[in-house]
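Novice: If you scroll down you'll find the structure; I have some questions about it.
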There are 2 protein chains.
Amino acid sequence: MAFKIGLLGLGTVGSGVAKILLDRQGRHPLLGEMEITRVGVRSPDKPRDVDLPQNIFTTDLEAIATDPAIDIVVELIGGTDRAYKLIMQAINHGKHVVTANKAVIARYGAEIFTAAKEKGVYVMIEAAVCGGIPVIQALKQALGANRIKSVMGIVNGTTNYILTRMHREGGDFEPILAEAQKLGYAEADPTADVDGLDAADKMAILASLAFGDRIKLEDIYCEGIRQITSTDIAFADEMGYVIKLLGIAQHTETARETALDIRVHPVMVPTSHALASIHGVTNAVRIEGEPIGELVLSGPGAGSGATASAVVADIINVVATLRANPSNINLTMGCTHQHYAKVQSIADSINLFYVRLVVLNQPGVIGAIGTCFGQHKVSLESIVQKHIHDGMASIAVITQKCQESNFRNALKEIGELNAIDSIPTVIRLLAA
Amino acid sequence: MAFKIGLLGLGTVGSGVAKILLDRQGRHPLLGEMEITRVGVRSPDKPRDVDLPQNIFTTDLEAIATDPAIDIVVELIGGTDRAYKLIMQAINHGKHVVTANKAVIARYGAEIFTAAKEKGVYVMIEAAVCGGIPVIQALKQALGANRIKSVMGIVNGTTNYILTRMHREGGDFEPILAEAQKLGYAEADPTADVDGLDAADKMAILASLAFGDRIKLEDIYCEGIRQITSTDIAFADEMGYVIKLLGIAQHTETARETALDIRVHPVMVPTSHALASIHGVTNAVRIEGEPIGELVLSGPGAGSGATASAVVADIINVVATLRANPSNINLTMGCTHQHYAKVQSIADSINLFYVRLVVLNQPGVIGAIGTCFGQHKVSLESIVQKHIHDGMASIAVITQKCQESNFRNALKEIGELNAIDSIPTVIRLLAA
Ligand SMILES: NC(=O)c1ccc[n+]([C@@H]2O[C@H](COP(=O)([O-])OP(=O)(O)OC[C@H]3O[C@@H](n4cnc5c(N)ncnc54)[C@H](OP(=O)(O)O)[C@@H]3O)[C@@H](O)[C@H]2O)c1
Ligand SMILES: NC(=O)c1ccc[n+]([C@@H]2O[C@H](COP(=O)([O-])OP(=O)(O)OC[C@H]3O[C@@H](n4cnc5c(N)ncnc54)[C@H](OP(=O)(O)O)[C@@H]3O)[C@@H](O)[C@H]2O)c1
């Protein structure tokens, strides 16, 4: 008896899934026990490059989500509200759900997993974060023995592609974005990617698995890559760093409390760091745990085949488990968190900073900057003057670890000094 | 009701496992359902740094393997024959087995998994390959949708440590090996590591999971790092390569047949390659599959905590599955292969080569070398003369892809030329 799969969506990912299931030779033997019995799309008559019988297509997605004959609903339509409703309908009709939809899980994960737990069904989300990379399974299963200390990653391919090209070509953000759009590496509306929102969705999901708490998306500090210039890239190169858009989630412990430090922003990463050599659209996640130490997973974060690989892995896991036992839930496959995480404000976070200032080339400027940082308890690692012309100089400052609010207060005062023309860039930095 | 664990061995890995199970806060909730009820060691009175009651220690390991009260036997004594017998005893007494013993699995995997299948028990081996890195789970579960094309990795930390230091310091093999031994990164008898035998054990296991066939250890071509000199390291550096000891397993298809190309040997890896930046004792595995593309997993390949992390992950998986269902086997957790792989001989394999020759510095040498390679259907990528002194010159040749036997025949003829003094090094190479 084959497990019956209802596919919602047959676009980039959906058709990748169908291709795998229709071409089983040399893949996992359990694929032989799965059957795509219904497919929901918007345009049933659109020509498709997968060989599925026309009579299983429908535009009535609810009919699939509620069909008593279907065991597993695979949601691959994208978007939020509609997808959320369909997932909940499927769960409420006792179906297991596999989805690649990070937006829905990041926003409605709490409701979805609570409903799934009540109904005793699985909701599998491997493909929702970093495409083909098995990072969800690593957090849910392989690292189960560990206390996770931090999860840090390049979780958005578009921005990594743009930054990689900026480093290689010395170009500026806007023209490279335009080219990335032409080549299909960036969407027509690039906001979700370049402003870090897509990365924030993924970090919310990873952090809630790593630390066992629900995360509200609005609690995640989020800064994109629009303000990165070729000048900063060149300075970074010179100093032995690359600029990457990182998602970071870590537990911080102060005398008062344990809070979650979670954010998405550009980071100057030392070239010796594991994430520094992740180029182009490749994604990578570095997980630090006790006792394992540091684990890095890298691979394709998107694309039809890679994402479908993760979707089908989830289906295999569900089928393997159902087959062995249709009634009791396997505890390494669920996700249920009761509480919202207490999230640290970015002002309280501890960082190293790189800051670039444009100053009047006159004696005493470096001293004044150093003094002002010092007064706000910000110690400096280095302060270097470069590129003098027309009486103006660029100064690159790197701080030691400091509290973000102290740094910001110092910077505000520095900005008011007469000798300071402007402060074009502030980028947080990982210690080498 | 807690699942009862019998621990065979409480050394480096065993004590790491015990520490995790005795300190559960913040780890997977299923740890609360496991209990170490017996521990088998050689010296029960040895002081231990884990807090286990003295009365659960024994030297009678068979009594643990056959104890009707025990659910899961965790084999961490090392060695081959004794460990094999204990594992078989445990299986035959209906116990699930978790082991970190690559030597036993590489030699007796076939017998062990056949017995496990008959008895309906799990034998879990995550810790046997690459310590904490969840590469077994990736091959058994996460990549189930894929046809695996190749598995390639740095699977031995000792040799990677030595090669990394040779690159950083420009030193030679012997003195760095001696220091590695002093620092505990290499064993007193370094043979298994530096001659590639440990890596071959691991590749046998990875390849049999990736390609679904049993592998005979003696079929794996194996070459260690003893012959690598600082001269070769310097040449590699100059040309943009690093020398790594790689394990490689890939399917090759000729007109006649499909065979498995599996080997362990030093490789010149271009610095842009994902494995080039894996330094020191870190391990990494790169898996190429269809449709996923390229996935790289890197992390600690050994050590008490990292290896214990993998052992405990396996225990968690077994417990989660047993808890949901004590009777039917979950098909993503077993390994059963019926057939032995047809392994390609190294002579038939296709490679690029780097070869260093010491020659008399006289006209026509380069031409003679080039002609001889050409006569054996070996095309050259580059041929560069360097380091001339005392009338002798070093020549570095890089070939294009060629059949190994053709290359060896050419090299034999070249070695007989009057102008050739010696051919100190041949290293296979990955194309940039
Ligand atoms: N693409 C990737 O590389 C990637 C990677 C990771 C995760 N994801 C996630 O995977 C999901 C799917 O992405 P995708 O790239 O495959 O999307 P896509 O190519 O736009 O495909 C969407 C599919 O859903 C159908 N659909 C959409 N809205 C519908 C509606 N209201 N009613 C009926 N059918 C509807 C479409 O039907 P028609 O074919 O008739 O238009 C199409 O088949 C998204 O959540 C995305 O975030 C994608
Ligand atoms: N160490 C690593 O980093 C690492 C990494 C991956 C895999 N592994 C694998 O893990 C396994 C264990 O390695 P390890 O480093 O933990 O070894 P170890 O430190 O030498 O510990 C071996 C343990 O087994 C006990 N033992 C050995 N032979 C015995 C016998 N004949 N009878 C009773 N007890 C015996 C020893 O007892 P006493 O304590 O009384 O001497 C000791 O507790 C090996 O298969 C190894 O290949 C190790």
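Naming works like this for the structure tokens: A, B, ... for the chains as they're shown, residue 1 at the start of each chain, ligands 1 onward in shown order.
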Considering only C-alpha atoms and all ligand atoms, tabulate each residue of chain B that lies at most 9 Å from ligand 2 along with its nearest interatomic pair and the corresponding distance in Å to one decimal; arrange the rows by chain and ascending residue number and present them as a Markdown table.

Specialist:
```
| residue | atom | partner | partner_atom_place_in_ligand_line | distance |
| --- | --- | --- | --- | --- |
| B:Leu8 | CA | ligand 2 | 24 (O) | 6.4 |
| B:Gly9 | CA | ligand 2 | 24 (O) | 3.3 |
| B:Leu10 | CA | ligand 2 | 43 (O) | 3.5 |
| B:Gly11 | CA | ligand 2 | 21 (O) | 3.2 |
| B:Thr12 | CA | ligand 2 | 16 (O) | 3.6 |
| B:Val13 | CA | ligand 2 | 16 (O) | 3.7 |
| B:Gly14 | CA | ligand 2 | 16 (O) | 5.5 |
| B:Ser15 | CA | ligand 2 | 16 (O) | 7.6 |
| B:Gly16 | CA | ligand 2 | 16 (O) | 8.4 |
| B:Val39 | CA | ligand 2 | 43 (O) | 8.9 |
| B:Gly40 | CA | ligand 2 | 34 (N) | 5.7 |
| B:Val41 | CA | ligand 2 | 34 (N) | 3.4 |
| B:Arg42 | CA | ligand 2 | 40 (O) | 3.5 |
| B:Ser43 | CA | ligand 2 | 40 (O) | 3.6 |
| B:Pro44 | CA | ligand 2 | 40 (O) | 5.8 |
| B:Asp45 | CA | ligand 2 | 40 (O) | 7.9 |
| B:Lys46 | CA | ligand 2 | 40 (O) | 6.5 |
| B:Arg48 | CA | ligand 2 | 39 (O) | 8.2 |
| B:Thr58 | CA | ligand 2 | 33 (C) | 8.3 |
| B:Thr59 | CA | ligand 2 | 33 (C) | 5.5 |
| B:Asp60 | CA | ligand 2 | 33 (C) | 7.3 |
| B:Leu61 | CA | ligand 2 | 33 (C) | 6.3 |
| B:Glu75 | CA | ligand 2 | 11 (C) | 7.4 |
| B:Leu76 | CA | ligand 2 | 12 (C) | 4.2 |
| B:Ile77 | CA | ligand 2 | 24 (O) | 3.4 |
| B:Gly78 | CA | ligand 2 | 45 (O) | 3.3 |
| B:Gly79 | CA | ligand 2 | 45 (O) | 6.1 |
| B:Thr80 | CA | ligand 2 | 45 (O) | 8.2 |
| B:Arg82 | CA | ligand 2 | 31 (N) | 6.9 |
| B:Ala83 | CA | ligand 2 | 31 (N) | 8.3 |
| B:Thr99 | CA | ligand 2 | 10 (O) | 7.4 |
| B:Ala100 | CA | ligand 2 | 10 (O) | 4.5 |
| B:Asn101 | CA | ligand 2 | 45 (O) | 3.5 |
| B:Lys102 | CA | ligand 2 | 47 (O) | 6.0 |
| B:Ala103 | CA | ligand 2 | 47 (O) | 6.8 |
| B:Val104 | CA | ligand 2 | 45 (O) | 7.8 |
| B:Ala127 | CA | ligand 2 | 6 (C) | 5.8 |
| B:Ala128 | CA | ligand 2 | 7 (C) | 5.2 |
| B:Val129 | CA | ligand 2 | 6 (C) | 6.8 |
| B:Cys130 | CA | ligand 2 | 6 (C) | 6.8 |
| B:Gly131 | CA | ligand 2 | 6 (C) | 4.8 |
| B:Gly132 | CA | ligand 2 | 6 (C) | 8.3 |
| B:Gly301 | CA | ligand 2 | 5 (C) | 6.7 |
| B:Ala302 | CA | ligand 2 | 3 (O) | 3.7 |
| B:Gly303 | CA | ligand 2 | 3 (O) | 3.6 |
| B:Ser304 | CA | ligand 2 | 3 (O) | 5.4 |
| B:Gly305 | CA | ligand 2 | 3 (O) | 8.3 |
| B:Ala306 | CA | ligand 2 | 3 (O) | 7.8 |
| B:Thr307 | CA | ligand 2 | 5 (C) | 5.3 |
| B:Ala308 | CA | ligand 2 | 5 (C) | 8.4 |
```

Novice: Quick one: which residues from chain A are at most 6 Å off chain B, using only C-alpha atoms, as a list in words?

Specialist: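 For chain A, the answer reads Gly26, Arg27, His28, Ala142, Gly144, Ala145, Asn146, Arg147, Pro291, Ile292, Glu294, Leu295, Val296, Leu297, Ser298, Gly299, Gly305, Ala306, Ser309, Val312, Ala313, Ala320, Ala324, Asn325, Asn328, Ile329, Asn330 and Leu331 of chain A.
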
Novice: Show me, as a PyMOL selection string, the residues that have an atom within 12 Å of Leu417 (chain A) when counting only C-alpha atoms, minus same-chain residues fewer than 6 positions from it.

Specialist: chain A and resi 357-360+364-369+371-372+410-411+423

Novice: How about saving the chosen residues, N, CA and C atoms kept, as a PDB file, in the first residue's frame?

Specialist:
```pdb
ATOM      1  N   LEU A 357      34.913  56.704   9.076  1.00  0.00           N
ATOM      2  CA  LEU A 357      34.576  58.123   9.222  1.00  0.00           C
ATOM      3  C   LEU A 357      35.298  58.922   8.141  1.00  0.00           C
ATOM      4  N   VAL A 358      34.639  59.942   7.637  1.00  0.00           N
ATOM      5  CA  VAL A 358      35.318  60.883   6.753  1.00  0.00           C
ATOM      6  C   VAL A 358      35.554  62.154   7.573  1.00  0.00           C
ATOM      7  N   VAL A 359      36.835  62.576   7.653  1.00  0.00           N
ATOM      8  CA  VAL A 359      37.200  63.659   8.577  1.00  0.00           C
ATOM      9  C   VAL A 359      38.018  64.725   7.851  1.00  0.00           C
ATOM     10  N   LEU A 360      38.054  65.914   8.441  1.00  0.00           N
ATOM     11  CA  LEU A 360      38.979  66.937   7.951  1.00  0.00           C
ATOM     12  C   LEU A 360      40.380  66.495   8.329  1.00  0.00           C
ATOM     13  N   GLY A 364      45.046  66.055  15.573  1.00  0.00           N
ATOM     14  CA  GLY A 364      44.196  65.883  16.741  1.00  0.00           C
ATOM     15  C   GLY A 364      42.902  65.137  16.493  1.00  0.00           C
ATOM     16  N   VAL A 365      42.561  64.860  15.241  1.00  0.00           N
ATOM     17  CA  VAL A 365      41.278  64.196  14.984  1.00  0.00           C
ATOM     18  C   VAL A 365      41.256  62.795  15.578  1.00  0.00           C
ATOM     19  N   ILE A 366      42.335  62.042  15.299  1.00  0.00           N
ATOM     20  CA  ILE A 366      42.371  60.675  15.800  1.00  0.00           C
ATOM     21  C   ILE A 366      42.302  60.669  17.322  1.00  0.00           C
ATOM     22  N   GLY A 367      43.017  61.593  17.934  1.00  0.00           N
ATOM     23  CA  GLY A 367      42.978  61.707  19.392  1.00  0.00           C
ATOM     24  C   GLY A 367      41.560  61.969  19.889  1.00  0.00           C
ATOM     25  N   ALA A 368      40.868  62.896  19.224  1.00  0.00           N
ATOM     26  CA  ALA A 368      39.519  63.250  19.670  1.00  0.00           C
ATOM     27  C   ALA A 368      38.566  62.066  19.553  1.00  0.00           C
ATOM     28  N   ILE A 369      38.707  61.322  18.467  1.00  0.00           N
ATOM     29  CA  ILE A 369      37.845  60.145  18.276  1.00  0.00           C
ATOM     30  C   ILE A 369      38.140  59.105  19.361  1.00  0.00           C
ATOM     31  N   THR A 371      39.479  59.505  22.285  1.00  0.00           N
ATOM     32  CA  THR A 371      39.051  59.979  23.606  1.00  0.00           C
ATOM     33  C   THR A 371      37.552  59.792  23.798  1.00  0.00           C
ATOM     34  N   CYS A 372      36.811  60.151  22.780  1.00  0.00           N
ATOM     35  CA  CYS A 372      35.357  60.059  22.895  1.00  0.00           C
ATOM     36  C   CYS A 372      34.907  58.605  23.074  1.00  0.00           C
ATOM     37  N   ALA A 410      28.785  56.951  21.904  1.00  0.00           N
ATOM     38  CA  ALA A 410      30.073  57.537  21.526  1.00  0.00           C
ATOM     39  C   ALA A 410      30.008  58.063  20.096  1.00  0.00           C
ATOM     40  N   LEU A 411      29.417  57.243  19.226  1.00  0.00           N
ATOM     41  CA  LEU A 411      29.387  57.615  17.814  1.00  0.00           C
ATOM     42  C   LEU A 411      28.571  58.886  17.588  1.00  0.00           C
ATOM     43  N   ILE A 423      29.876  59.883   8.772  1.00  0.00           N
ATOM     44  CA  ILE A 423      30.187  58.512   9.238  1.00  0.00           C
ATOM     45  C   ILE A 423      29.435  57.564   8.324  1.00  0.00           C
TER      46      ILE A 423
END
```

Novice: If we count only C-alpha atoms, what is near Asn156 (chain B) at a cut-off of 7 Å, once residues fewer than 3 positions away on the same chain are taken out, given as a list in words?

Specialist: Thr159, Asn160, Asp193, Ala199 and Asn283 of chain B

Novice: Those selected residues, please, written with all heavy atoms and delivered as an mmCIF file, in the first residue's frame.

Specialist:
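Result saved to again-v9.cif:
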```
data_model
loop_
_atom_site.group_PDB
_atom_site.id
_atom_site.type_symbol
_atom_site.label_atom_id
_atom_site.label_comp_id
_atom_site.auth_asym_id
_atom_site.auth_seq_id
_atom_site.Cartn_x
_atom_site.Cartn_y
_atom_site.Cartn_z
ATOM 1 N N THR B 159 46.359 13.075 9.990
ATOM 2 C CA THR B 159 47.075 13.435 8.764
ATOM 3 C C THR B 159 46.757 14.867 8.346
ATOM 4 O O THR B 159 47.631 15.571 7.835
ATOM 5 C CB THR B 159 46.727 12.467 7.613
ATOM 6 O OG1 THR B 159 45.306 12.293 7.588
ATOM 7 C CG2 THR B 159 47.396 11.135 7.816
ATOM 8 N N ASN B 160 45.513 15.312 8.575
ATOM 9 C CA ASN B 160 45.206 16.690 8.194
ATOM 10 C C ASN B 160 45.952 17.678 9.083
ATOM 11 O O ASN B 160 46.404 18.722 8.626
ATOM 12 C CB ASN B 160 43.697 16.951 8.249
ATOM 13 C CG ASN B 160 43.292 18.097 7.340
ATOM 14 O OD1 ASN B 160 43.685 18.140 6.177
ATOM 15 N ND2 ASN B 160 42.541 19.049 7.881
ATOM 16 N N ASP B 193 46.938 5.808 10.842
ATOM 17 C CA ASP B 193 46.604 7.149 10.371
ATOM 18 C C ASP B 193 47.416 7.543 9.147
ATOM 19 O O ASP B 193 46.856 7.830 8.094
ATOM 20 C CB ASP B 193 46.811 8.171 11.498
ATOM 21 C CG ASP B 193 45.791 7.998 12.619
ATOM 22 O OD1 ASP B 193 44.604 7.797 12.305
ATOM 23 O OD2 ASP B 193 46.182 8.069 13.797
ATOM 24 N N ALA B 199 41.494 5.973 7.310
ATOM 25 C CA ALA B 199 40.642 6.646 6.323
ATOM 26 C C ALA B 199 39.946 5.617 5.430
ATOM 27 O O ALA B 199 38.776 5.790 5.059
ATOM 28 C CB ALA B 199 41.469 7.622 5.490
ATOM 29 N N ASN B 283 37.572 17.466 10.400
ATOM 30 C CA ASN B 283 37.210 16.586 9.295
ATOM 31 C C ASN B 283 36.145 17.260 8.435
ATOM 32 O O ASN B 283 35.443 18.157 8.901
ATOM 33 C CB ASN B 283 36.603 15.278 9.815
ATOM 34 C CG ASN B 283 37.644 14.327 10.355
ATOM 35 O OD1 ASN B 283 38.780 14.702 10.614
ATOM 36 N ND2 ASN B 283 37.256 13.073 10.546
#
```

Novice: Residues of region 14-133 of chain A classed as strand (DSSP E) by DSSP on the backbone are to be reported as a list in words.

Specialist: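 Residues of region 14-133 of chain A classed as strand (DSSP E): Met34, Glu35, Ile36, Thr37, Arg38, Val39, Gly40, Phe57, Thr58, Ile72, Val73, Val74, Glu75, His96, Val97, Val98, Thr99, Val123 and Met124 of chain A.
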
Novice: Residues as selected, N, CA and C atoms, written as a PDB file, in the first residue's frame, can you do that?

Specialist:
```pdb
ATOM      1  N   MET A  34       5.337   5.711  -2.176  1.00  0.00           N
ATOM      2  CA  MET A  34       4.683   7.028  -2.211  1.00  0.00           C
ATOM      3  C   MET A  34       4.049   7.220  -3.572  1.00  0.00           C
ATOM      4  N   GLU A  35       2.937   7.937  -3.572  1.00  0.00           N
ATOM      5  CA  GLU A  35       2.224   8.140  -4.826  1.00  0.00           C
ATOM      6  C   GLU A  35       1.618   9.537  -4.795  1.00  0.00           C
ATOM      7  N   ILE A  36       1.894  10.326  -5.816  1.00  0.00           N
ATOM      8  CA  ILE A  36       1.255  11.641  -5.924  1.00  0.00           C
ATOM      9  C   ILE A  36      -0.141  11.417  -6.476  1.00  0.00           C
ATOM     10  N   THR A  37      -1.158  11.639  -5.639  1.00  0.00           N
ATOM     11  CA  THR A  37      -2.509  11.330  -6.113  1.00  0.00           C
ATOM     12  C   THR A  37      -3.294  12.569  -6.532  1.00  0.00           C
ATOM     13  N   ARG A  38      -2.917  13.747  -5.999  1.00  0.00           N
ATOM     14  CA  ARG A  38      -3.596  14.980  -6.436  1.00  0.00           C
ATOM     15  C   ARG A  38      -2.583  16.120  -6.451  1.00  0.00           C
ATOM     16  N   VAL A  39      -2.798  17.059  -7.378  1.00  0.00           N
ATOM     17  CA  VAL A  39      -1.919  18.218  -7.494  1.00  0.00           C
ATOM     18  C   VAL A  39      -2.772  19.484  -7.599  1.00  0.00           C
ATOM     19  N   GLY A  40      -2.538  20.443  -6.716  1.00  0.00           N
ATOM     20  CA  GLY A  40      -3.289  21.700  -6.750  1.00  0.00           C
ATOM     21  C   GLY A  40      -2.437  22.822  -7.319  1.00  0.00           C
ATOM     22  N   PHE A  57      -4.979  16.971 -11.585  1.00  0.00           N
ATOM     23  CA  PHE A  57      -4.820  18.409 -11.329  1.00  0.00           C
ATOM     24  C   PHE A  57      -6.144  19.037 -10.901  1.00  0.00           C
ATOM     25  N   THR A  58      -6.041  20.006 -10.007  1.00  0.00           N
ATOM     26  CA  THR A  58      -7.227  20.751  -9.607  1.00  0.00           C
ATOM     27  C   THR A  58      -6.808  22.146  -9.179  1.00  0.00           C
ATOM     28  N   ILE A  72      -0.448  12.577   3.198  1.00  0.00           N
ATOM     29  CA  ILE A  72       0.549  13.625   3.415  1.00  0.00           C
ATOM     30  C   ILE A  72       0.274  14.776   2.456  1.00  0.00           C
ATOM     31  N   VAL A  73       0.123  15.973   3.024  1.00  0.00           N
ATOM     32  CA  VAL A  73      -0.068  17.160   2.191  1.00  0.00           C
ATOM     33  C   VAL A  73       1.269  17.899   2.112  1.00  0.00           C
ATOM     34  N   VAL A  74       1.719  18.170   0.892  1.00  0.00           N
ATOM     35  CA  VAL A  74       2.988  18.860   0.694  1.00  0.00           C
ATOM     36  C   VAL A  74       2.673  20.260   0.181  1.00  0.00           C
ATOM     37  N   GLU A  75       2.915  21.264   1.036  1.00  0.00           N
ATOM     38  CA  GLU A  75       2.528  22.639   0.705  1.00  0.00           C
ATOM     39  C   GLU A  75       3.693  23.354   0.056  1.00  0.00           C
ATOM     40  N   HIS A  96      -0.510  14.528   7.693  1.00  0.00           N
ATOM     41  CA  HIS A  96       0.847  14.999   7.926  1.00  0.00           C
ATOM     42  C   HIS A  96       1.173  16.048   6.872  1.00  0.00           C
ATOM     43  N   VAL A  97       2.010  17.005   7.258  1.00  0.00           N
ATOM     44  CA  VAL A  97       2.293  18.113   6.356  1.00  0.00           C
ATOM     45  C   VAL A  97       3.796  18.239   6.167  1.00  0.00           C
ATOM     46  N   VAL A  98       4.206  18.455   4.922  1.00  0.00           N
ATOM     47  CA  VAL A  98       5.595  18.804   4.615  1.00  0.00           C
ATOM     48  C   VAL A  98       5.530  20.148   3.902  1.00  0.00           C
ATOM     49  N   THR A  99       6.344  21.106   4.339  1.00  0.00           N
ATOM     50  CA  THR A  99       6.301  22.411   3.695  1.00  0.00           C
ATOM     51  C   THR A  99       7.698  22.994   3.546  1.00  0.00           C
ATOM     52  N   VAL A 123       4.598  17.795  11.169  1.00  0.00           N
ATOM     53  CA  VAL A 123       4.765  18.924  10.244  1.00  0.00           C
ATOM     54  C   VAL A 123       6.267  19.075  10.031  1.00  0.00           C
ATOM     55  N   MET A 124       6.697  18.835   8.812  1.00  0.00           N
ATOM     56  CA  MET A 124       8.134  18.747   8.517  1.00  0.00           C
ATOM     57  C   MET A 124       8.559  19.961   7.691  1.00  0.00           C
TER      58      MET A 124
END
```

Novice: Any chance you could list, as number ranges by chain, the residues in region 133-341 of chain B that come up alpha helix (DSSP H) when DSSP is run on the backbone?

Specialist: B: 135-137, 157-169, 173-183, 191-194, 197-211, 230-239, 304-324

Novice: Quick one, how far is CA of Asp213 (chain B) from CA of Ala341 (chain B)?

Specialist: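 Computed distance, CA of Asp213 (chain B) to CA of Ala341 (chain B), equals 5.1 Å.
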
Novice: Pick out the residues sitting within 12 Å of Gly109 (chain A), and hand them over as a count of residues only; count only C-alpha atoms, and ignore anything fewer than 3 positions along from it in its own chain.

Specialist: 39

Novice: Of the residues A:Gly184, A:Pro175, A:Gly280, A:Gly170, which is the one nearest to ligand 1, using only C-alpha atoms and all ligand atoms?

Specialist: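 Of A:Gly184, A:Pro175, A:Gly280, A:Gly170, the one nearest ligand 1 is A:Gly184, counting only C-alpha atoms and all ligand atoms.
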
Novice: What is the CA of Lys377 (chain B) to CA of Ser349 (chain B) distance in Å?

Specialist: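 Computing the Euclidean distance for CA of Lys377 (chain B) and CA of Ser349 (chain B) yields 14.3 Å.
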
Novice: List the neighbours of His376 (chain B) out to 8 Å using only C-alpha atoms; skip same-chain residues closer than 6 positions along the sequence, and give me the result as an mmCIF file with N, CA, C and O atoms, in the first residue's frame.

Specialist:
```cif
data_model
loop_
_atom_site.group_PDB
_atom_site.id
_atom_site.type_symbol
_atom_site.label_atom_id
_atom_site.label_comp_id
_atom_site.auth_asym_id
_atom_site.auth_seq_id
_atom_site.Cartn_x
_atom_site.Cartn_y
_atom_site.Cartn_z
ATOM 1 N N ASN B 406 48.086 4.393 -18.193
ATOM 2 C CA ASN B 406 48.859 5.081 -19.236
ATOM 3 C C ASN B 406 49.918 5.977 -18.610
ATOM 4 O O ASN B 406 51.070 6.016 -19.038
ATOM 5 N N PHE B 407 49.479 6.714 -17.576
ATOM 6 C CA PHE B 407 50.409 7.610 -16.895
ATOM 7 C C PHE B 407 51.581 6.829 -16.314
ATOM 8 O O PHE B 407 52.749 7.204 -16.449
ATOM 9 N N ASN B 409 52.765 3.905 -17.178
ATOM 10 C CA ASN B 409 53.639 3.378 -18.229
ATOM 11 C C ASN B 409 54.565 4.469 -18.763
ATOM 12 O O ASN B 409 55.759 4.237 -18.970
ATOM 13 N N ALA B 410 53.991 5.657 -18.967
ATOM 14 C CA ALA B 410 54.811 6.770 -19.441
ATOM 15 C C ALA B 410 55.909 7.063 -18.424
ATOM 16 O O ALA B 410 57.083 7.247 -18.769
#
```
